[in-house]
>>> print(open('structure.json').read())   # JSON, C-alpha atoms
[["chain", "number", "residue", "atom", "x", "y", "z"],
["Y", 127, "MET", "CA", 10.65, -9.22, 8.44],
["Y", 128, "THR", "CA", 10.97, -6.06, 10.47],
["Y", 129, "ALA", "CA", 13.49, -3.32, 9.75],
["Y", 130, "GLY", "CA", 16.87, -4.12, 11.16],
["Y", 131, "THR", "CA", 16.33, -7.90, 11.08],
["Y", 132, "PRO", "CA", 19.16, -9.67, 9.22],
["Y", 133, "ARG", "CA", 18.02, -11.41, 6.05],
["Y", 134, "ARG", "CA", 18.47, -15.14, 5.84],
["Y", 135, "SER", "CA", 21.08, -16.06, 3.29],
["Y", 136, "ARG", "CA", 19.37, -18.27, 0.72],
["Y", 137, "PRO", "CA", 21.37, -17.59, -2.44],
["Y", 138, "VAL", "CA", 20.02, -20.51, -4.47],
["Y", 139, "ARG", "CA", 16.39, -19.76, -3.64],
["Y", 140, "HIS", "CA", 16.89, -16.05, -4.20],
["Y", 141, "ALA", "CA", 18.53, -16.65, -7.57],
["Y", 142, "ALA", "CA", 15.72, -18.98, -8.65],
["Y", 143, "GLU", "CA", 13.06, -16.46, -7.63],
["Y", 144, "TYR", "CA", 14.85, -13.68, -9.44],
["Y", 145, "LEU", "CA", 15.26, -15.69, -12.64],
["Y", 146, "ALA", "CA", 11.59, -16.68, -12.54],
["Y", 147, "VAL", "CA", 10.52, -13.05, -12.20],
["Y", 148, "ARG", "CA", 12.83, -11.97, -15.03],
["Y", 149, "ALA", "CA", 11.42, -14.71, -17.26],
["Y", 150, "VAL", "CA", 7.88, -13.55, -16.54],
["Y", 151, "GLN", "CA", 8.94, -9.94, -17.16],
["Y", 152, "SER", "CA", 10.38, -10.86, -20.56],
["Y", 153, "ALA", "CA", 7.20, -12.69, -21.51],
["Y", 154, "VAL", "CA", 5.04, -9.77, -20.39],
["Y", 155, "ARG", "CA", 7.04, -7.26, -22.40],
["Y", 156, "ALA", "CA", 6.73, -9.38, -25.54],
["Y", 157, "ALA", "CA", 3.02, -10.09, -25.20],
["Y", 158, "PRO", "CA", 0.06, -7.77, -25.90],
["Y", 159, "ARG", "CA", -1.04, -5.91, -22.79],
["Y", 160, "GLY", "CA", -4.33, -7.78, -22.50],
["Y", 161, "TRP", "CA", -2.47, -11.06, -22.37],
["Y", 162, "GLY", "CA", -0.34, -9.75, -19.54],
["Y", 163, "ALA", "CA", -3.41, -8.96, -17.46],
["Y", 164, "ALA", "CA", -4.76, -12.46, -18.12],
["Y", 165, "LEU", "CA", -1.37, -13.93, -17.20],
["Y", 166, "GLY", "CA", -1.29, -11.98, -13.95],
["Y", 167, "GLY", "CA", -4.78, -13.10, -12.99],
["Y", 168, "GLY", "CA", -3.89, -16.68, -13.84],
["Y", 169, "LEU", "CA", -0.73, -16.60, -11.76],
["Y", 170, "GLY", "CA", -2.69, -15.17, -8.84],
["Y", 171, "ARG", "CA", -5.25, -17.95, -9.11],
["Y", 172, "LEU", "CA", -2.47, -20.57, -9.18],
["Y", 173, "PHE", "CA", -1.03, -19.19, -5.96],
["Y", 174, "HIS", "CA", -4.54, -19.20, -4.52],
["Y", 175, "ARG", "CA", -4.70, -22.91, -5.23],
["Y", 176, "TRP", "CA", -1.16, -23.78, -4.10],
["Y", 177, "ASP", "CA", -0.44, -21.45, -1.20],
["Y", 178, "HIS", "CA", -2.61, -22.98, 1.52],
["Y", 179, "ARG", "CA", -1.10, -20.92, 4.32],
["Y", 180, "ARG", "CA", -1.83, -17.54, 2.74],
["Y", 181, "ARG", "CA", -5.20, -18.68, 1.46],
["Y", 182, "ASN", "CA", -6.17, -19.76, 4.98],
["Y", 183, "THR", "CA", -4.90, -16.45, 6.38],
["Y", 184, "ALA", "CA", -6.97, -14.52, 3.83],
["Y", 185, "SER", "CA", -10.07, -16.58, 4.54],
["Y", 186, "ALA", "CA", -9.76, -16.10, 8.30],
["Y", 187, "ASN", "CA", -9.17, -12.34, 7.91],
["Y", 188, "LEU", "CA", -12.15, -11.93, 5.62],
["Y", 189, "ARG", "CA", -14.40, -14.04, 7.83],
["Y", 190, "ALA", "CA", -13.64, -11.79, 10.80],
["Y", 191, "ALA", "CA", -13.80, -8.51, 8.87],
["Y", 192, "LEU", "CA", -16.94, -9.19, 6.83],
["Y", 193, "PRO", "CA", -19.02, -11.66, 8.85],
["Y", 194, "GLU", "CA", -22.18, -10.55, 7.06],
["Y", 195, "ARG", "CA", -20.97, -12.18, 3.82],
["Y", 196, "THR", "CA", -21.81, -15.80, 3.07],
["Y", 197, "ASP", "CA", -19.08, -18.44, 2.91],
["Y", 198, "ASP", "CA", -19.39, -18.58, -0.88],
["Y", 199, "GLU", "CA", -19.16, -14.81, -1.18],
["Y", 200, "ARG", "CA", -16.06, -14.67, 0.99],
["Y", 201, "ALA", "CA", -14.43, -17.52, -0.94],
["Y", 202, "ALA", "CA", -15.03, -15.62, -4.18],
["Y", 203, "VAL", "CA", -13.49, -12.46, -2.70],
["Y", 204, "VAL", "CA", -10.39, -14.35, -1.57],
["Y", 205, "ALA", "CA", -9.90, -15.87, -5.03],
["Y", 206, "SER", "CA", -10.38, -12.44, -6.64],
["Y", 207, "ALA", "CA", -7.90, -10.89, -4.22],
["Y", 208, "PHE", "CA", -5.20, -13.36, -5.25],
["Y", 209, "ALA", "CA", -5.92, -12.66, -8.92],
["Y", 210, "SER", "CA", -5.73, -8.92, -8.26],
["Y", 211, "VAL", "CA", -2.30, -9.26, -6.68],
["Y", 212, "GLY", "CA", -1.13, -11.27, -9.69],
["Y", 213, "ARG", "CA", -2.31, -8.56, -12.09],
["Y", 214, "HIS", "CA", -0.67, -5.91, -9.92],
["Y", 215, "VAL", "CA", 2.70, -7.64, -10.12],
["Y", 216, "ILE", "CA", 2.47, -8.09, -13.89],
["Y", 217, "GLU", "CA", 1.44, -4.48, -14.43],
["Y", 218, "LEU", "CA", 4.32, -3.30, -12.27],
["Y", 219, "LEU", "CA", 6.76, -5.28, -14.42],
["Y", 220, "ARG", "CA", 5.17, -3.88, -17.57],
["Y", 221, "PHE", "CA", 5.13, -0.28, -16.36],
["Y", 222, "ASP", "CA", 8.83, -0.61, -15.60],
["Y", 223, "ALA", "CA", 9.48, -1.14, -19.32],
["Y", 224, "MET", "CA", 7.07, 1.52, -20.60],
["Y", 225, "ARG", "CA", 7.93, 4.99, -21.75],
["Y", 226, "VAL", "CA", 6.61, 7.56, -19.32],
["Y", 227, "GLU", "CA", 4.21, 8.93, -21.95],
["Y", 228, "ASP", "CA", 2.72, 5.49, -22.58],
["Y", 229, "MET", "CA", 2.36, 4.82, -18.87],
["Y", 230, "MET", "CA", 0.58, 8.09, -18.19],
["Y", 231, "ALA", "CA", -1.82, 7.49, -21.09],
["Y", 232, "LEU", "CA", -3.29, 4.67, -19.00],
["Y", 233, "VAL", "CA", -3.75, 6.75, -15.85],
["Y", 234, "GLU", "CA", -6.41, 9.28, -14.91],
["Y", 235, "PHE", "CA", -6.58, 11.41, -11.77],
["Y", 236, "GLU", "CA", -9.39, 12.35, -9.46],
["Y", 237, "GLY", "CA", -9.04, 14.91, -6.68],
["Y", 238, "ALA", "CA", -5.68, 16.23, -7.89],
["Y", 239, "GLU", "CA", -6.70, 19.66, -6.58],
["Y", 240, "HIS", "CA", -6.22, 18.40, -3.03],
["Y", 241, "VAL", "CA", -2.54, 17.76, -3.73],
["Y", 242, "GLU", "CA", -2.12, 21.03, -5.62],
["Y", 243, "ARG", "CA", -3.60, 23.03, -2.74],
["Y", 244, "ALA", "CA", -1.46, 21.21, -0.21],
["Y", 245, "MET", "CA", 1.77, 21.71, -2.13],
["Y", 246, "ALA", "CA", 1.00, 25.40, -2.67],
["Y", 247, "ARG", "CA", 1.13, 25.89, 1.10],
["Y", 248, "GLY", "CA", 4.81, 24.90, 1.10],
["Y", 249, "ARG", "CA", 4.55, 22.37, 3.93],
["Y", 250, "GLY", "CA", 4.59, 19.28, 1.75],
["Y", 251, "ALA", "CA", 1.86, 16.67, 1.98],
["Y", 252, "MET", "CA", 1.50, 13.50, 4.03],
["Y", 253, "LEU", "CA", 0.05, 10.91, 1.62],
["Y", 254, "PHE", "CA", -1.17, 7.57, 2.88],
["Y", 255, "THR", "CA", -2.63, 4.42, 1.41],
["Y", 256, "GLY", "CA", -2.80, 0.72, 2.19],
["Y", 257, "HIS", "CA", -2.38, -2.63, 0.46],
["Y", 258, "PHE", "CA", -5.44, -1.88, -1.59],
["Y", 259, "GLY", "CA", -5.83, -1.59, -5.34],
["Y", 260, "PHE", "CA", -2.64, -1.04, -7.36],
["Y", 261, "TRP", "CA", -0.65, 0.83, -4.74],
["Y", 262, "GLU", "CA", 2.78, 0.54, -6.40],
["Y", 263, "LEU", "CA", 1.56, 2.21, -9.60],
["Y", 264, "HIS", "CA", 0.59, 5.32, -7.68],
["Y", 265, "VAL", "CA", 4.22, 6.01, -6.78],
["Y", 266, "MET", "CA", 5.23, 6.29, -10.44],
["Y", 267, "ALA", "CA", 2.11, 8.15, -11.60],
["Y", 268, "HIS", "CA", 2.32, 10.71, -8.80],
["Y", 269, "ALA", "CA", 5.96, 11.45, -9.57],
["Y", 270, "VAL", "CA", 5.14, 12.28, -13.18],
["Y", 271, "ARG", "CA", 1.93, 14.24, -12.46],
["Y", 272, "PHE", "CA", 3.32, 16.20, -9.50],
["Y", 273, "GLU", "CA", 6.78, 15.41, -8.18],
["Y", 274, "PRO", "CA", 8.59, 12.36, -6.75],
["Y", 275, "ILE", "CA", 7.52, 11.04, -3.37],
["Y", 276, "VAL", "CA", 9.66, 10.29, -0.35],
["Y", 277, "MET", "CA", 8.25, 6.93, 0.72],
["Y", 278, "VAL", "CA", 8.73, 4.23, 3.34],
["Y", 279, "ALA", "CA", 9.07, 0.67, 2.07],
["Y", 280, "ARG", "CA", 9.63, -2.69, 3.68],
["Y", 281, "THR", "CA", 12.80, -4.38, 2.49],
["Y", 282, "LEU", "CA", 12.14, -7.63, 0.63],
["Y", 283, "ASP", "CA", 13.81, -10.80, 1.90],
["Y", 284, "ASN", "CA", 15.28, -11.46, -1.55],
["Y", 285, "PRO", "CA", 18.01, -8.85, -2.22],
["Y", 286, "ARG", "CA", 17.86, -9.40, -5.99],
["Y", 287, "LEU", "CA", 14.14, -8.73, -6.13],
["Y", 288, "GLU", "CA", 14.61, -5.81, -3.74],
["Y", 289, "ALA", "CA", 17.09, -4.24, -6.18],
["Y", 290, "MET", "CA", 14.63, -4.79, -9.04],
["Y", 291, "ILE", "CA", 11.66, -3.16, -7.33],
["Y", 292, "GLU", "CA", 13.84, -0.29, -6.13],
["Y", 293, "ARG", "CA", 14.77, 0.40, -9.76],
["Y", 294, "VAL", "CA", 11.08, 0.48, -10.64],
["Y", 295, "ARG", "CA", 10.30, 2.91, -7.84],
["Y", 296, "THR", "CA", 13.27, 5.21, -8.34],
["Y", 297, "ARG", "CA", 13.22, 5.47, -12.15],
["Y", 298, "VAL", "CA", 10.95, 8.49, -11.75],
["Y", 299, "GLY", "CA", 12.93, 10.01, -8.88],
["Y", 300, "THR", "CA", 11.21, 8.44, -5.88],
["Y", 301, "ARG", "CA", 13.30, 8.52, -2.72],
["Y", 302, "VAL", "CA", 12.86, 5.32, -0.68],
["Y", 303, "VAL", "CA", 13.64, 5.21, 3.04],
["Y", 304, "SER", "CA", 13.58, 2.07, 5.16],
["Y", 305, "ARG", "CA", 11.43, 1.65, 8.24],
["Y", 306, "GLN", "CA", 14.48, 2.12, 10.43],
["Y", 307, "GLY", "CA", 14.95, 5.86, 10.59],
["Y", 308, "ALA", "CA", 11.83, 6.45, 8.47],
["Y", 309, "VAL", "CA", 10.51, 9.32, 10.57],
["Y", 310, "ARG", "CA", 13.73, 11.27, 10.13],
["Y", 311, "GLY", "CA", 13.65, 10.80, 6.35],
["Y", 312, "LEU", "CA", 9.99, 11.72, 6.05],
["Y", 313, "LEU", "CA", 10.41, 14.77, 8.27],
["Y", 314, "ARG", "CA", 13.26, 15.96, 6.08],
["Y", 315, "GLY", "CA", 11.05, 15.56, 3.01],
["Y", 316, "LEU", "CA", 8.21, 17.56, 4.56],
["Y", 317, "ARG", "CA", 10.57, 20.33, 5.59],
["Y", 318, "GLU", "CA", 11.73, 20.47, 1.97],
["Y", 319, "GLY", "CA", 8.08, 20.92, 0.96],
["Y", 320, "ARG", "CA", 7.88, 17.51, -0.70],
["Y", 321, "PRO", "CA", 5.12, 14.89, -0.68],
["Y", 322, "VAL", "CA", 5.88, 11.91, 1.54],
["Y", 323, "GLY", "CA", 4.03, 8.60, 1.71],
["Y", 324, "MET", "CA", 3.35, 5.68, 4.01],
["Y", 325, "MET", "CA", 1.16, 2.60, 4.24],
["Y", 326, "VAL", "CA", -1.15, 2.59, 7.24],
["Y", 327, "ASP", "CA", -2.06, -1.10, 7.31],
["Y", 328, "GLN", "CA", 1.18, -2.84, 8.24],
["Y", 329, "HIS", "CA", 1.46, -4.52, 11.61],
["Y", 330, "MET", "CA", 3.87, -2.56, 13.80],
["Y", 331, "GLN", "CA", 5.76, -3.98, 16.76],
["Y", 332, "ASP", "CA", 7.83, -1.03, 17.92],
["Y", 333, "ARG", "CA", 7.05, 1.75, 20.38],
["Y", 334, "SER", "CA", 5.54, 3.94, 17.65],
["Y", 335, "ALA", "CA", 2.58, 1.58, 17.25],
["Y", 336, "VAL", "CA", -0.88, 2.58, 18.45],
["Y", 337, "PRO", "CA", -3.88, 0.21, 18.56],
["Y", 338, "VAL", "CA", -6.80, 1.24, 16.38],
["Y", 339, "ASP", "CA", -9.95, -0.43, 15.19],
["Y", 340, "PHE", "CA", -9.53, -1.60, 11.60],
["Y", 341, "LEU", "CA", -12.46, -3.42, 10.05],
["Y", 342, "GLY", "CA", -13.83, -4.34, 13.45],
["Y", 343, "ARG", "CA", -10.66, -5.69, 15.07],
["Y", 344, "PRO", "CA", -7.75, -4.14, 16.93],
["Y", 345, "ALA", "CA", -4.65, -3.60, 14.82],
["Y", 346, "ALA", "CA", -1.23, -2.24, 15.79],
["Y", 347, "THR", "CA", -0.71, 0.72, 13.46],
["Y", 348, "THR", "CA", 2.06, 3.20, 12.76],
["Y", 349, "SER", "CA", 1.62, 6.54, 14.47],
["Y", 350, "ALA", "CA", 4.17, 8.21, 12.17],
["Y", 351, "VAL", "CA", 1.58, 9.65, 9.76],
["Y", 352, "ALA", "CA", -0.30, 11.37, 12.56],
["Y", 353, "ALA", "CA", 2.80, 12.42, 14.48],
["Y", 354, "LEU", "CA", 4.44, 14.03, 11.45],
["Y", 355, "ALA", "CA", 1.26, 15.79, 10.36],
["Y", 356, "LEU", "CA", 0.62, 17.19, 13.82],
["Y", 357, "ARG", "CA", 4.25, 18.28, 14.14],
["Y", 358, "THR", "CA", 4.59, 19.99, 10.75],
["Y", 359, "GLY", "CA", 1.06, 21.03, 9.85],
["Y", 360, "ALA", "CA", 1.23, 19.06, 6.61],
["Y", 361, "PRO", "CA", -2.20, 17.95, 5.37],
["Y", 362, "VAL", "CA", -2.94, 14.21, 5.46],
["Y", 363, "ILE", "CA", -4.26, 13.08, 2.08],
["Y", 364, "PRO", "CA", -5.62, 9.56, 1.40],
["Y", 365, "VAL", "CA", -4.78, 8.17, -2.03],
["Y", 366, "PHE", "CA", -5.93, 4.98, -3.77],
["Y", 367, "THR", "CA", -5.19, 3.61, -7.24],
["Y", 368, "LEU", "CA", -8.09, 1.64, -8.68],
["Y", 369, "PRO", "CA", -8.52, -0.37, -11.87],
["Y", 370, "VAL", "CA", -11.20, 0.97, -14.24],
["Y", 371, "GLU", "CA", -12.61, -0.21, -17.56],
["Y", 372, "GLY", "CA", -10.38, -0.57, -20.57],
["Y", 373, "GLY", "CA", -7.28, -1.65, -18.64],
["Y", 374, "ARG", "CA", -6.84, 1.82, -17.20],
["Y", 375, "TYR", "CA", -6.25, 3.11, -13.68],
["Y", 376, "ARG", "CA", -7.71, 5.95, -11.66],
["Y", 377, "VAL", "CA", -5.59, 7.59, -8.96],
["Y", 378, "VAL", "CA", -8.04, 8.98, -6.40],
["Y", 379, "TYR", "CA", -6.93, 11.67, -3.94],
["Y", 380, "GLU", "CA", -9.47, 12.30, -1.21],
["Y", 381, "PRO", "CA", -9.86, 15.52, 0.76],
["Y", 382, "PRO", "CA", -7.40, 15.86, 3.64],
["Y", 383, "VAL", "CA", -8.37, 13.99, 6.79],
["Y", 384, "GLU", "CA", -9.58, 16.33, 9.51],
["Y", 385, "THR", "CA", -6.73, 16.94, 11.92],
["Y", 386, "PRO", "CA", -7.51, 17.17, 15.64],
["Y", 387, "ASP", "CA", -6.14, 19.90, 17.85],
["Y", 388, "PRO", "CA", -2.45, 19.01, 18.40],
["Y", 389, "ARG", "CA", -2.86, 20.00, 22.05],
["Y", 390, "ARG", "CA", -5.20, 17.07, 22.66],
["Y", 391, "ALA", "CA", -3.51, 14.36, 24.69],
["Y", 392, "ASP", "CA", -4.92, 11.74, 22.33],
["Y", 393, "ALA", "CA", -4.39, 13.65, 19.07],
["Y", 394, "ILE", "CA", -2.10, 11.01, 17.55],
["Y", 395, "GLN", "CA", -4.52, 8.22, 18.42],
["Y", 396, "VAL", "CA", -7.47, 10.16, 17.00],
["Y", 397, "LEU", "CA", -5.79, 10.99, 13.70],
["Y", 398, "THR", "CA", -4.42, 7.46, 13.26],
["Y", 399, "GLN", "CA", -7.91, 6.07, 13.76],
["Y", 400, "ARG", "CA", -9.39, 8.49, 11.25],
["Y", 401, "CYS", "CA", -6.84, 7.44, 8.62],
["Y", 402, "SER", "CA", -7.59, 3.76, 9.27],
["Y", 403, "ASP", "CA", -11.31, 4.46, 8.93],
["Y", 404, "VAL", "CA", -10.80, 5.98, 5.47],
["Y", 405, "LEU", "CA", -8.93, 2.90, 4.27],
["Y", 406, "ALA", "CA", -11.52, 0.58, 5.85],
["Y", 407, "SER", "CA", -14.35, 2.33, 3.99],
["Y", 408, "HIS", "CA", -12.66, 1.60, 0.66],
["Y", 409, "VAL", "CA", -11.93, -2.01, 1.58],
["Y", 410, "ARG", "CA", -15.57, -2.60, 2.52],
["Y", 411, "ARG", "CA", -16.71, -1.23, -0.85],
["Y", 412, "ARG", "CA", -14.27, -3.30, -2.92],
["Y", 413, "PRO", "CA", -12.87, -6.09, -0.74],
["Y", 414, "GLU", "CA", -11.51, -8.00, -3.74],
["Y", 415, "LEU", "CA", -8.82, -5.33, -4.11],
["Y", 416, "TYR", "CA", -7.39, -5.78, -0.61],
["Y", 417, "LEU", "CA", -4.35, -7.85, 0.37],
["Y", 418, "TRP", "CA", -6.20, -10.15, 2.78],
["Y", 419, "MET", "CA", -3.36, -12.67, 2.84],
["Y", 420, "HIS", "CA", -1.03, -10.55, 4.97],
["Y", 421, "ARG", "CA", -1.08, -10.85, 8.75],
["Y", 422, "ARG", "CA", -2.57, -7.49, 9.61],
["Y", 423, "TRP", "CA", -4.43, -8.36, 12.81],
["Y", 424, "ARG", "CA", -1.81, -9.81, 15.16],
["Y", 425, "LEU", "CA", -3.64, -8.29, 18.10],
["Y", 426, "ALA", "CA", -6.56, -10.59, 17.29],
["Y", 427, "ASP", "CA", -6.41, -12.32, 20.67],
["Y", 428, "ALA", "CA", -7.35, -9.03, 22.35],
["Y", 429, "PRO", "CA", -11.07, -8.23, 22.63],
["Y", 430, "THR", "CA", -12.40, -5.99, 19.87],
["Y", 431, "ASP", "CA", -13.21, -3.19, 22.27],
["Y", 432, "ALA", "CA", -9.54, -3.04, 23.31],
["Y", 433, "ALA", "CA", -9.00, -0.66, 20.43],
["Y", 434, "SER", "CA", -10.50, 2.66, 21.39],
["Y", 435, "ARG", "CA", -12.26, 4.80, 18.82],
["Y", 436, "PRO", "CA", -11.76, 8.39, 19.97],
["Y", 437, "GLY", "CA", -12.78, 11.50, 18.12]]
>>> encode(input="structure.json", output="structure tokens")
Amino acid sequence: MTAGTPRRSRPVRHAAEYLAVRAVQSAVRAAPRGWGAALGGGLGRLFHRWDHRRRNTASANLRAALPERTDDERAAVVASAFASVGRHVIELLRFDAMRVEDMMALVEFEGAEHVERAMARGRGAMLFTGHFGFWELHVMAHAVRFEPIVMVARTLDNPRLEAMIERVRTRVGTRVVSRQGAVRGLLRGLREGRPVGMMVDQHMQDRSAVPVDFLGRPAATTSAVAALALRTGAPVIPVFTLPVEGGRYRVVYEPPVETPDPRRADAIQVLTQRCSDVLASHVRRRPELYLWMHRRWRLADAPTDAASRPG
């Protein structure tokens, strides 16, 4: 669903989904943390078995992105990706109930100096990530370690679940703006010297989209990250939240992406491609942590070389 599209009214289905999530949340809160991770992985594997449409989408995406892998290797990655999403959801529900101190005891940071340097300049910071790793946990951890983020988020179709996840995001002060009018909200945040965040791997259909090469195929990508950075001078910092041993998480901030000369006619295209390349490098290293089941490559009918790779 794109921003501005009316939600379908499905009150019975929405209520059932909400009650199911609340039941799982209650079970997770009552169970030892290790059990919750096992439950999340199990739920992900069940959806892998039952959801043929998303499983087929993930398989097709992975086959095109990583053709060098064998069929068995790709099948294993798809199954692991579903399990990873299940664990992500369960951890999000658990973190919502945790005290801030307990939550932060499970998180370590790498590259925090990149954020500190950026914020010291007073121009804010343009953070970006993708549907990779445990992206929702970063929002809460960053708010506690530094300050709350102004972030763009897609509105869920189920209004009850949307209200639940908004509570999770905003309990630490995060300001959420919808896709419609997102640039205005992010620009305001940067002018206030705040960190702002966006995903760079959602298919875009509006005039702000630019085609870039992502994992070997053309993908319509938001130009907002590049446009805002070039306009304000805010550094563009990649961030990824990865699971590590012992049920912990590592939030990794990479050095700012090199920004092209704003006077270049193709500056937005160049910077957008560079951001996509950073995400792609992480996905290639740990493909089991990527959300392969979403329809990222809707420009797939175009030839691969249709997406230029400037700069």
>>> residues_around(input="structure.json", residues="Glu194 in chain Y", least_positions_apart="6", cutoff="12 Å", atoms="all atoms listed in the file", output="NGL selection string")
:Y and (188 or 200 or 410)
>>> closest_atom_pairs(input="structure.json", of="range 300-370 of chain Y", to="range 205-224 of chain Y", cutoff="12 Å", atoms="only C-alpha atoms", output="Markdown table")
| residue | atom | partner | partner_atom | distance |
| --- | --- | --- | --- | --- |
| Y:Thr367 | CA | Y:His214 | CA | 10.9 |
| Y:Leu368 | CA | Y:His214 | CA | 10.7 |
| Y:Pro369 | CA | Y:Ser210 | CA | 9.7 |
>>> residues_around(input="structure.json", residues="Ala267 in chain Y", least_positions_apart="3", cutoff="9 Å", atoms="all atoms listed in the file", output="PyMOL selection string")
chain Y and resi 226+229-230+233+263-264+270-272+298+377
>>> atom_distance(input="structure.json", atom1="CA of Val241 in chain Y", atom2="CA of Thr296 in chain Y")
20.7 Å
>>> closest_residue(input="structure.json", among="Y:Arg390, Y:Arg301, Y:Arg189, Y:Arg249", to="Met277 in chain Y", atoms="all atoms listed in the file")
Y:Arg301
>>> closest_residue(input="structure.json", among="Y:Val396, Y:Val138, Y:Leu312, Y:Met324", to="Val336 in chain Y", atoms="all atoms listed in the file")
Y:Val396
>>> residues_near_point(input="structure.json", point="(-3.1, 15.3, 5.3)", cutoff="10 Å", atoms="all atoms listed in the file", output="compact mmCIF listing (two decimals) with C-alpha atoms, in the frame of the given file")
# COMPACT_ATOMS: atom_id res chain seq x y z
CA HIS Y 240 -6.22 18.40 -3.03
CA VAL Y 241 -2.54 17.76 -3.73
CA ALA Y 244 -1.46 21.21 -0.21
CA GLY Y 250 4.59 19.28 1.75
CA ALA Y 251 1.86 16.67 1.98
CA MET Y 252 1.50 13.50 4.03
CA LEU Y 253 0.05 10.91 1.62
CA PHE Y 254 -1.17 7.57 2.88
CA VAL Y 351 1.58 9.65 9.76
CA ALA Y 352 -0.30 11.37 12.56
CA LEU Y 354 4.44 14.03 11.45
CA ALA Y 355 1.26 15.79 10.36
CA LEU Y 356 0.62 17.19 13.82
CA GLY Y 359 1.06 21.03 9.85
CA ALA Y 360 1.23 19.06 6.61
CA PRO Y 361 -2.20 17.95 5.37
CA VAL Y 362 -2.94 14.21 5.46
CA ILE Y 363 -4.26 13.08 2.08
CA PRO Y 364 -5.62 9.56 1.40
CA GLU Y 380 -9.47 12.30 -1.21
CA PRO Y 381 -9.86 15.52 0.76
CA PRO Y 382 -7.40 15.86 3.64
CA VAL Y 383 -8.37 13.99 6.79
CA GLU Y 384 -9.58 16.33 9.51
CA THR Y 385 -6.73 16.94 11.92
CA LEU Y 397 -5.79 10.99 13.70
CA CYS Y 401 -6.84 7.44 8.62
>>> residues_around(input="structure.json", residues="Glu292 in chain Y", least_positions_apart="5", cutoff="9 Å", atoms="only C-alpha atoms", output="JSON, numbers by chain")
{"Y": [287, 297, 302]}
>>> atom_distance(input="structure.json", atom1="CA of Pro193 in chain Y", atom2="CA of Glu262 in chain Y")
29.3 Å
>>> residues_around(input="structure.json", residues="Val276 in chain Y", least_positions_apart="4", cutoff="8 Å", atoms="all atoms listed in the file", output="MDAnalysis selection string")
chainID Y and resid 300:303 311:312 315 320:323
>>> residues_near_point(input="structure.json", point="(12.1, 5.1, 16.3)", cutoff="9 Å", atoms="all atoms listed in the file", output="VMD selection string")
chain Y and resid 305 to 310 332 to 334
